[in-house]
Amino acid sequence: MNKTSTSQWYQVWVRFRKNKSAILGMVIFILLVIIALISPMIYDYNTDIVTQNLRNRLQPPTSEHPLGTDAFGRDVFARIAYGARVSLLIGFIVVGASLVIGGFIGAIAGYFGGILDNVLMRIMDVFLAIPQILLAIAVVAALGPGITNLIIALTISMIPAYARLLRSLILPLKDAEYVEAAKASGTNTWKIIFGHLLPNAMGPLIVNSTLAVGKTIVSAAGMSFLGLGISPPNPEWGAMLSEGKEYIRYAPNLVLYPGMAIMLAVLSLNLLGDGLNDALDPRLKQ
Amino acid sequence: MDNHMLLELKDLEVVYQTDFENVYALNKVTLSLNAGETLGLVGETGAGKTTTALSILKLLPKNIGKITGGSIMFDGVDIVKATEGEMRKIRGNKISMIFQDPMTSLNPVIPVGEQIAESLELHNTQGRTAAEIEQRVDQMLELVGISPNRKTDFPHQFSGGMKQRVVIAIALACDPALLIADEPTTALDVTIQAQVLAMMGELKEKLNTSLILITHDLGIVAQICDKVAVMYAGEIIESGTMEDVFSRIENHPYTVGLFGSIPNLEVSTLRLAPINGLMPDPTDLPKGCKFHPRCPKCMDICKTESPRVYETGTHQIMCHLFTQEGNVIQ
């Protein structure tokens, strides 16, 4: 009996796995997640990640330090592995929170229309008028740096995009006959929006969110690079880049590896998102 | 069988108001339906059949559709005055509606079993447990001739006829007193149409549900209806029992025209006799009888005065042809 109920997702998987680059993206992404998950088991945060060991500074890669050490003698690989935790956490929390908040605003604006739609979307337009990164910088400048404030800043800057997306997804769906049928069977408005319309909008949402996680990781790294995100000595890819830039002539590995980590994370998420996009929408296959 | 009056529409008037014009969709529609009866609502596209159905459920398009006069009494409840909350308890529970196109009236991403369960969960007045709801879903699917182990399937895995069966299962799940079927078989081919109609007739008998069948096919009406009401330009121009209308002793000229448009297997004709012309523009209805511009028996009086209702027994005709001689009511 379960065979038929999962067949829709099974079909998606069949289409997805034909796409080589999407599989590559998925493998890289899963590796990153595994690294992020097991890094605390291998390295101790206090002794390996943040404690300075100046005798060991700027070491080239050795068997003990596979990617060398930084200007304070800390293992680069360990810091990148820990940085993956921070980056992925920020990426998922920000996308999740802005999806919920922005999605809710967009869904009710799209469904109810009229004045509510106008008021909500004009407010969103105000936010959209400010470049995303500038808005995030302004919020962090007001709240002060730190991981929580960074998450809040990035969430606020991403909410309008989701409000727009959800609204545009709900608009063509709300006049479907099954919505009228649901009304005729006494379903209340919230159930119609979140029980009937949202599942129909799921495909584009999943794709968009995958891509948005990558985008958020870049934004977070950018903010940290500017000194507005994660503050030292905590490991974060953008912050590591920022610290490493002073030694770029003597030890380019300090910027190379965190940069590659950012690139791999974003690339894998983009490949994954593109693959999901093709797999979820059978019309694009032909 | 309990034969009390279930639904009564009296002088119902509905207007669709837009910024540019007023569309007079229903003009003094009077209808009644007893428990267990089947009423066929017949008419051309745009006659107001669907508007009548939506008014009964109070689902007229928001801000545009307005009930401007008359009353709708359903089982002792005044629908016109009922609040949205009260209506929600009636919809799907006491009055169900089947929509025209089963392809689009099922949600494509929800398994059919869940869609049947949904209205049961919404109107769970009997306090059914989750297991009992599941059981009821199985029972409903069996009732409409679908194997219960297909309840986890999605709508796209069913054929059109089976989808309409699912829609019927949803509509009947809560044992409604009244079922409104808005052209339930229009989107289906003829053989499936016959099956679905036969099944609806059977289920109606079994469950003692009243049925309003909206159609433009007199053949379907003859097949399963007890009563017939013919609509034209937002008015009911003829109503009566099936025998009254189909015996064709006295009919409104419009009904005569409808009969003339049906091919007859026994008589050889080269051409069918359609009704000439089109429905009048509902924003600008003609004076007098609304059918007079198309009526083959139009008289002078028809152009100026609205006809009154001529009544013999259960048969009512709104036409000057009959009221001149006969038993006028009102």
# chains A, B, ... in the order shown; residues from 1 in each chain; ligands from 1
>>> interface_residues(of="chain A", to="chain B", cutoff="7 Å", atoms="only C-alpha atoms", output="PyMOL selection string")
chain A and resi 4-5+176-178+181+184-187+196+199-200
>>> write_last_selection(atoms="C-alpha atoms", output="short mmCIF file (atom, residue, chain, number, x, y, z; two decimals), in the first residue's frame")
data_model
loop_
_atom_site.label_atom_id
_atom_site.label_comp_id
_atom_site.auth_asym_id
_atom_site.auth_seq_id
_atom_site.Cartn_x
_atom_site.Cartn_y
_atom_site.Cartn_z
CA THR A 4 1.57 3.88 -4.34
CA SER A 5 1.55 6.58 -1.71
CA ALA A 176 -8.97 26.41 -8.81
CA GLU A 177 -12.18 24.43 -8.66
CA TYR A 178 -10.93 22.27 -5.81
CA ALA A 181 -15.15 22.47 -3.72
CA ALA A 184 -18.54 24.05 -0.49
CA SER A 185 -17.69 21.29 1.95
CA GLY A 186 -17.33 23.81 4.77
CA THR A 187 -13.52 23.96 5.00
CA HIS A 196 -4.88 22.75 0.06
CA PRO A 199 1.01 21.57 -0.86
CA ASN A 200 0.39 22.59 -4.47
#
>>> residues_around(residues="range 134-141 of chain A", least_positions_apart="3", cutoff="9 Å", atoms="only C-alpha atoms", output="PyMOL selection string")
chain A and resi 127+130-131+144-146+149-150+152-157+219+223+228-229
>>> residues_around(residues="Ser242 in chain A", least_positions_apart="4", cutoff="8 Å", atoms="only C-alpha atoms", output="count of residues only")
6
>>> residues_around(residues="Ala81 in chain A", least_positions_apart="5", cutoff="7 Å", atoms="only C-alpha atoms", output="PyMOL selection string")
chain A and resi 35-36+39
>>> residues_around(residues="range 266-283 of chain A", least_positions_apart="6", cutoff="6 Å", atoms="only C-alpha atoms", output="list in words")
Val12, Arg15, Phe16, Ala22, Gly25, Met26, Ile28, Phe29, Gly203, Val207, Thr210, Leu211 and Gly214 of chain A
>>> write_last_selection(atoms="N, CA and C atoms", output="mmCIF file, in the first residue's frame")
data_model
loop_
_atom_site.group_PDB
_atom_site.id
_atom_site.type_symbol
_atom_site.label_atom_id
_atom_site.label_comp_id
_atom_site.auth_asym_id
_atom_site.auth_seq_id
_atom_site.Cartn_x
_atom_site.Cartn_y
_atom_site.Cartn_z
ATOM 1 N N VAL A 12 10.005 11.410 -8.594
ATOM 2 C CA VAL A 12 10.912 12.553 -8.508
ATOM 3 C C VAL A 12 12.345 12.048 -8.375
ATOM 4 N N ARG A 15 13.737 10.680 -11.649
ATOM 5 C CA ARG A 15 14.151 11.743 -12.560
ATOM 6 C C ARG A 15 15.408 12.433 -12.057
ATOM 7 N N PHE A 16 15.468 12.602 -10.709
ATOM 8 C CA PHE A 16 16.592 13.319 -10.110
ATOM 9 C C PHE A 16 17.902 12.569 -10.336
ATOM 10 N N ALA A 22 23.386 16.986 -10.567
ATOM 11 C CA ALA A 22 22.584 17.091 -9.352
ATOM 12 C C ALA A 22 23.047 16.079 -8.314
ATOM 13 N N GLY A 25 26.145 17.374 -6.773
ATOM 14 C CA GLY A 25 25.791 18.385 -5.784
ATOM 15 C C GLY A 25 25.316 17.748 -4.502
ATOM 16 N N MET A 26 24.484 16.729 -4.638
ATOM 17 C CA MET A 26 23.934 16.084 -3.448
ATOM 18 C C MET A 26 25.045 15.414 -2.651
ATOM 19 N N ILE A 28 28.332 16.163 -2.574
ATOM 20 C CA ILE A 28 29.156 17.173 -1.892
ATOM 21 C C ILE A 28 28.418 17.721 -0.670
ATOM 22 N N PHE A 29 27.151 17.988 -0.866
ATOM 23 C CA PHE A 29 26.380 18.569 0.220
ATOM 24 C C PHE A 29 26.292 17.609 1.407
ATOM 25 N N GLY A 203 6.641 22.415 -4.837
ATOM 26 C CA GLY A 203 7.758 22.210 -5.754
ATOM 27 C C GLY A 203 8.658 23.430 -5.867
ATOM 28 N N VAL A 207 12.687 24.105 -4.332
ATOM 29 C CA VAL A 207 13.786 24.511 -5.202
ATOM 30 C C VAL A 207 14.352 25.850 -4.748
ATOM 31 N N THR A 210 16.360 25.670 -1.493
ATOM 32 C CA THR A 210 17.686 25.080 -1.646
ATOM 33 C C THR A 210 18.674 26.129 -2.146
ATOM 34 N N LEU A 211 18.236 26.870 -3.176
ATOM 35 C CA LEU A 211 19.117 27.907 -3.717
ATOM 36 C C LEU A 211 19.349 29.010 -2.693
ATOM 37 N N GLY A 214 22.156 28.435 -0.147
ATOM 38 C CA GLY A 214 23.471 28.779 -0.681
ATOM 39 C C GLY A 214 23.724 30.274 -0.644
#
>>> closest_residue(among="B:Gly277, B:Pro184, B:Pro61, B:Gly313", to="Thr215 in chain B", atoms="only C-alpha atoms")
B:Pro184
>>> residues_around(residues="Gly113 in chain A", least_positions_apart="5", cutoff="12 Å", atoms="only C-alpha atoms", output="PyMOL selection string")
(chain A and resi 105-108+118-121+167-168+170-171+174) or (chain B and resi 62)
>>> write_last_selection(atoms="N, CA and C atoms", output="PDB file, in the first residue's frame")
ATOM      1  N   ILE A 105       3.039  35.768   5.221  1.00  0.00           N
ATOM      2  CA  ILE A 105       2.595  37.083   4.736  1.00  0.00           C
ATOM      3  C   ILE A 105       2.152  36.984   3.277  1.00  0.00           C
ATOM      4  N   GLY A 106       2.983  36.325   2.444  1.00  0.00           N
ATOM      5  CA  GLY A 106       2.657  36.214   1.030  1.00  0.00           C
ATOM      6  C   GLY A 106       1.393  35.407   0.790  1.00  0.00           C
ATOM      7  N   ALA A 107       1.232  34.330   1.565  1.00  0.00           N
ATOM      8  CA  ALA A 107       0.070  33.464   1.356  1.00  0.00           C
ATOM      9  C   ALA A 107      -1.222  34.200   1.676  1.00  0.00           C
ATOM     10  N   ILE A 108      -1.261  34.907   2.809  1.00  0.00           N
ATOM     11  CA  ILE A 108      -2.522  35.591   3.132  1.00  0.00           C
ATOM     12  C   ILE A 108      -2.746  36.775   2.200  1.00  0.00           C
ATOM     13  N   ASN A 118      -2.589  44.798  -0.645  1.00  0.00           N
ATOM     14  CA  ASN A 118      -1.901  46.046  -0.951  1.00  0.00           C
ATOM     15  C   ASN A 118      -1.023  46.515   0.185  1.00  0.00           C
ATOM     16  N   VAL A 119      -1.569  46.522   1.384  1.00  0.00           N
ATOM     17  CA  VAL A 119      -0.817  47.002   2.542  1.00  0.00           C
ATOM     18  C   VAL A 119       0.418  46.131   2.770  1.00  0.00           C
ATOM     19  N   LEU A 120       0.215  44.818   2.819  1.00  0.00           N
ATOM     20  CA  LEU A 120       1.337  43.917   3.100  1.00  0.00           C
ATOM     21  C   LEU A 120       2.413  43.996   2.023  1.00  0.00           C
ATOM     22  N   MET A 121       1.985  44.000   0.771  1.00  0.00           N
ATOM     23  CA  MET A 121       2.983  43.971  -0.292  1.00  0.00           C
ATOM     24  C   MET A 121       3.699  45.312  -0.432  1.00  0.00           C
ATOM     25  N   ARG A 167       3.111  34.670  -2.658  1.00  0.00           N
ATOM     26  CA  ARG A 167       1.956  35.365  -3.209  1.00  0.00           C
ATOM     27  C   ARG A 167       1.767  34.978  -4.671  1.00  0.00           C
ATOM     28  N   SER A 168       2.879  34.964  -5.414  1.00  0.00           N
ATOM     29  CA  SER A 168       2.744  34.654  -6.837  1.00  0.00           C
ATOM     30  C   SER A 168       2.370  33.196  -7.050  1.00  0.00           C
ATOM     31  N   ILE A 170       0.402  31.447  -4.876  1.00  0.00           N
ATOM     32  CA  ILE A 170      -0.979  31.257  -4.409  1.00  0.00           C
ATOM     33  C   ILE A 170      -1.977  31.861  -5.396  1.00  0.00           C
ATOM     34  N   LEU A 171      -1.623  32.994  -5.986  1.00  0.00           N
ATOM     35  CA  LEU A 171      -2.572  33.707  -6.865  1.00  0.00           C
ATOM     36  C   LEU A 171      -3.230  32.833  -7.927  1.00  0.00           C
ATOM     37  N   LYS A 174      -5.608  29.959  -6.282  1.00  0.00           N
ATOM     38  CA  LYS A 174      -6.755  30.162  -5.396  1.00  0.00           C
ATOM     39  C   LYS A 174      -8.097  30.095  -6.125  1.00  0.00           C
TER      40      LYS A 174
ATOM     41  N   LYS B  62     -17.578  36.816  -3.591  1.00  0.00           N
ATOM     42  CA  LYS B  62     -17.544  37.873  -2.574  1.00  0.00           C
ATOM     43  C   LYS B  62     -17.541  39.256  -3.203  1.00  0.00           C
TER      44      LYS B  62
END
>>> residues_around(residues="range 67-78 of chain B", least_positions_apart="4", cutoff="10 Å", atoms="only C-alpha atoms", output="MDAnalysis selection string")
chainID B and resid 4:16 25:35 55:58 60 82:83 86:87 90 94:95 177:178
>>> write_last_selection(atoms="C-alpha atoms", output="PDB file, in the first residue's frame")
ATOM      1  CA  HIS B   4     -41.324  17.251   4.893  1.00  0.00           C
ATOM      2  CA  MET B   5     -40.300  20.368   3.018  1.00  0.00           C
ATOM      3  CA  LEU B   6     -36.517  20.501   3.000  1.00  0.00           C
ATOM      4  CA  LEU B   7     -35.681  23.503   0.892  1.00  0.00           C
ATOM      5  CA  GLU B   8     -37.734  26.470  -0.108  1.00  0.00           C
ATOM      6  CA  LEU B   9     -36.640  29.397  -2.225  1.00  0.00           C
ATOM      7  CA  LYS B  10     -39.061  32.281  -2.350  1.00  0.00           C
ATOM      8  CA  ASP B  11     -38.794  35.187  -4.798  1.00  0.00           C
ATOM      9  CA  LEU B  12     -35.034  34.938  -4.671  1.00  0.00           C
ATOM     10  CA  GLU B  13     -33.223  37.773  -6.380  1.00  0.00           C
ATOM     11  CA  VAL B  14     -29.492  37.827  -6.993  1.00  0.00           C
ATOM     12  CA  VAL B  15     -27.532  40.595  -8.629  1.00  0.00           C
ATOM     13  CA  TYR B  16     -23.877  40.591  -9.633  1.00  0.00           C
ATOM     14  CA  ALA B  25     -28.755  36.834 -12.464  1.00  0.00           C
ATOM     15  CA  LEU B  26     -31.848  35.632 -10.603  1.00  0.00           C
ATOM     16  CA  ASN B  27     -35.226  37.305 -10.782  1.00  0.00           C
ATOM     17  CA  LYS B  28     -37.824  36.073  -8.320  1.00  0.00           C
ATOM     18  CA  VAL B  29     -36.910  32.416  -8.313  1.00  0.00           C
ATOM     19  CA  THR B  30     -39.322  30.250  -6.348  1.00  0.00           C
ATOM     20  CA  LEU B  31     -38.568  26.602  -5.780  1.00  0.00           C
ATOM     21  CA  SER B  32     -39.367  23.937  -3.261  1.00  0.00           C
ATOM     22  CA  LEU B  33     -37.998  20.517  -2.594  1.00  0.00           C
ATOM     23  CA  ASN B  34     -39.159  17.807  -0.211  1.00  0.00           C
ATOM     24  CA  ALA B  35     -36.906  15.361   1.548  1.00  0.00           C
ATOM     25  CA  SER B  55     -26.950  31.036  -3.452  1.00  0.00           C
ATOM     26  CA  ILE B  56     -28.222  28.009  -1.558  1.00  0.00           C
ATOM     27  CA  LEU B  57     -24.691  27.446  -0.229  1.00  0.00           C
ATOM     28  CA  LYS B  58     -24.124  31.181   0.113  1.00  0.00           C
ATOM     29  CA  LEU B  60     -21.691  33.732  -4.387  1.00  0.00           C
ATOM     30  CA  ALA B  82     -27.115  32.822   8.421  1.00  0.00           C
ATOM     31  CA  THR B  83     -23.596  33.856   9.446  1.00  0.00           C
ATOM     32  CA  GLU B  86     -23.286  28.781  10.613  1.00  0.00           C
ATOM     33  CA  MET B  87     -22.959  28.292   6.875  1.00  0.00           C
ATOM     34  CA  ILE B  90     -24.105  23.421   6.856  1.00  0.00           C
ATOM     35  CA  LYS B  94     -26.107  19.056   5.403  1.00  0.00           C
ATOM     36  CA  ILE B  95     -25.748  20.391   1.871  1.00  0.00           C
ATOM     37  CA  ALA B 177     -29.786  15.990   3.474  1.00  0.00           C
ATOM     38  CA  LEU B 178     -29.356  17.777   0.174  1.00  0.00           C
TER      39      LEU B 178
END
>>> atom_distance(atom1="CA of Ser159 in chain B", atom2="CA of Gln195 in chain B")
13.5 Å
>>> closest_residue(among="B:Leu321, B:Leu211, B:His315, B:Gln135", to="Asp300 in chain B", atoms="only C-alpha atoms")
B:Leu321
>>> atom_distance(atom1="CA of Cys225 in chain B", atom2="CA of Ser210 in chain B")
10.5 Å
>>> select_by_dssp(residues="range 28-235 of chain B", states="strand (DSSP E or B)", output="ChimeraX atom specification")
/B:28-34,38-42,65-74,77-78,91,95-98,178-182,210-215,227-232,235
>>> closest_residue(among="B:Val245, B:Thr283, B:Thr304, B:Ser268", to="Thr18 in chain B", atoms="only C-alpha atoms")
B:Thr283
>>> atom_distance(atom1="CA of Gly244 in chain A", atom2="CA of Leu264 in chain A")
18.7 Å
>>> decode(residues="range 179-276 of chain B", atoms="C-alpha atoms", output="mmCIF file, in the first residue's frame")
data_model
loop_
_atom_site.group_PDB
_atom_site.id
_atom_site.type_symbol
_atom_site.label_atom_id
_atom_site.label_comp_id
_atom_site.auth_asym_id
_atom_site.auth_seq_id
_atom_site.Cartn_x
_atom_site.Cartn_y
_atom_site.Cartn_z
ATOM 1 C CA LEU B 179 -26.954 17.134 -2.642
ATOM 2 C CA ILE B 180 -26.514 19.728 -5.371
ATOM 3 C CA ALA B 181 -24.962 18.332 -8.516
ATOM 4 C CA ASP B 182 -23.887 21.025 -10.951
ATOM 5 C CA GLU B 183 -23.720 19.331 -14.346
ATOM 6 C CA PRO B 184 -22.012 16.323 -12.791
ATOM 7 C CA THR B 185 -21.670 14.416 -16.029
ATOM 8 C CA THR B 186 -20.876 17.137 -18.550
ATOM 9 C CA ALA B 187 -17.156 16.400 -18.503
ATOM 10 C CA LEU B 188 -17.663 12.655 -18.876
ATOM 11 C CA ASP B 189 -18.275 10.579 -21.956
ATOM 12 C CA VAL B 190 -21.695 9.055 -22.554
ATOM 13 C CA THR B 191 -21.159 5.548 -21.207
ATOM 14 C CA ILE B 192 -19.492 6.794 -18.027
ATOM 15 C CA GLN B 193 -22.230 9.405 -17.771
ATOM 16 C CA ALA B 194 -24.851 6.671 -17.704
ATOM 17 C CA GLN B 195 -22.948 4.749 -15.035
ATOM 18 C CA VAL B 196 -22.461 7.779 -12.827
ATOM 19 C CA LEU B 197 -26.099 8.812 -13.155
ATOM 20 C CA ALA B 198 -27.344 5.329 -12.376
ATOM 21 C CA MET B 199 -25.095 5.256 -9.337
ATOM 22 C CA MET B 200 -26.260 8.653 -8.129
ATOM 23 C CA GLY B 201 -29.884 7.604 -8.490
ATOM 24 C CA GLU B 202 -29.204 4.423 -6.569
ATOM 25 C CA LEU B 203 -27.280 6.122 -3.760
ATOM 26 C CA LYS B 204 -29.952 8.772 -3.445
ATOM 27 C CA GLU B 205 -32.588 6.077 -2.910
ATOM 28 C CA LYS B 206 -30.386 4.236 -0.441
ATOM 29 C CA LEU B 207 -29.471 7.272 1.638
ATOM 30 C CA ASN B 208 -32.749 9.204 1.203
ATOM 31 C CA THR B 209 -30.884 12.299 0.090
ATOM 32 C CA SER B 210 -32.646 15.068 -1.791
ATOM 33 C CA LEU B 211 -30.959 15.974 -5.017
ATOM 34 C CA ILE B 212 -30.887 19.082 -7.150
ATOM 35 C CA LEU B 213 -29.530 18.108 -10.516
ATOM 36 C CA ILE B 214 -28.384 20.996 -12.648
ATOM 37 C CA THR B 215 -28.152 20.122 -16.299
ATOM 38 C CA HIS B 216 -28.937 21.264 -19.794
ATOM 39 C CA ASP B 217 -29.722 17.743 -20.880
ATOM 40 C CA LEU B 218 -33.419 16.877 -20.729
ATOM 41 C CA GLY B 219 -32.525 13.222 -21.266
ATOM 42 C CA ILE B 220 -30.774 13.097 -17.897
ATOM 43 C CA VAL B 221 -33.758 14.732 -16.249
ATOM 44 C CA ALA B 222 -36.115 12.141 -17.684
ATOM 45 C CA GLN B 223 -33.829 9.435 -16.360
ATOM 46 C CA ILE B 224 -33.690 10.274 -12.665
ATOM 47 C CA CYS B 225 -35.735 13.319 -11.663
ATOM 48 C CA ASP B 226 -39.078 13.557 -9.843
ATOM 49 C CA LYS B 227 -39.560 17.246 -10.458
ATOM 50 C CA VAL B 228 -38.390 19.609 -13.161
ATOM 51 C CA ALA B 229 -37.832 23.344 -13.191
ATOM 52 C CA VAL B 230 -36.939 25.089 -16.427
ATOM 53 C CA MET B 231 -34.940 28.290 -16.047
ATOM 54 C CA TYR B 232 -34.627 31.118 -18.498
ATOM 55 C CA ALA B 233 -32.879 34.450 -17.929
ATOM 56 C CA GLY B 234 -32.923 34.069 -14.171
ATOM 57 C CA GLU B 235 -36.540 33.023 -13.910
ATOM 58 C CA ILE B 236 -38.258 29.722 -13.501
ATOM 59 C CA ILE B 237 -40.581 29.696 -16.473
ATOM 60 C CA GLU B 238 -41.972 26.229 -16.033
ATOM 61 C CA SER B 239 -42.016 23.746 -13.211
ATOM 62 C CA GLY B 240 -43.837 20.612 -12.290
ATOM 63 C CA THR B 241 -43.432 16.902 -11.811
ATOM 64 C CA MET B 242 -41.556 14.962 -14.426
ATOM 65 C CA GLU B 243 -44.882 13.719 -15.867
ATOM 66 C CA ASP B 244 -46.330 17.252 -16.031
ATOM 67 C CA VAL B 245 -43.484 18.512 -18.165
ATOM 68 C CA PHE B 246 -42.650 15.436 -20.193
ATOM 69 C CA SER B 247 -46.230 14.505 -21.116
ATOM 70 C CA ARG B 248 -46.008 17.586 -23.351
ATOM 71 C CA ILE B 249 -49.695 18.427 -23.140
ATOM 72 C CA GLU B 250 -49.034 21.999 -22.123
ATOM 73 C CA ASN B 251 -45.566 23.475 -22.185
ATOM 74 C CA HIS B 252 -43.942 26.868 -22.171
ATOM 75 C CA PRO B 253 -42.826 27.715 -25.731
ATOM 76 C CA TYR B 254 -39.233 27.674 -24.481
ATOM 77 C CA THR B 255 -39.601 24.144 -23.155
ATOM 78 C CA VAL B 256 -41.170 23.158 -26.468
ATOM 79 C CA GLY B 257 -38.066 24.584 -28.100
ATOM 80 C CA LEU B 258 -35.808 22.546 -25.810
ATOM 81 C CA PHE B 259 -37.680 19.373 -26.711
ATOM 82 C CA GLY B 260 -37.397 20.325 -30.371
ATOM 83 C CA SER B 261 -33.636 20.443 -30.000
ATOM 84 C CA ILE B 262 -33.391 16.782 -28.979
ATOM 85 C CA PRO B 263 -32.876 14.271 -31.789
ATOM 86 C CA ASN B 264 -35.697 11.753 -31.957
ATOM 87 C CA LEU B 265 -34.823 8.187 -32.859
ATOM 88 C CA GLU B 266 -38.276 7.292 -34.142
ATOM 89 C CA VAL B 267 -38.984 10.187 -36.442
ATOM 90 C CA SER B 268 -36.797 10.953 -39.378
ATOM 91 C CA THR B 269 -35.870 14.620 -39.600
ATOM 92 C CA LEU B 270 -33.212 16.246 -41.685
ATOM 93 C CA ARG B 271 -32.574 19.117 -39.314
ATOM 94 C CA LEU B 272 -33.238 19.649 -35.647
ATOM 95 C CA ALA B 273 -35.299 22.663 -34.733
ATOM 96 C CA PRO B 274 -33.132 24.801 -32.490
ATOM 97 C CA ILE B 275 -34.406 27.851 -30.635
ATOM 98 C CA ASN B 276 -33.387 30.862 -32.670
#
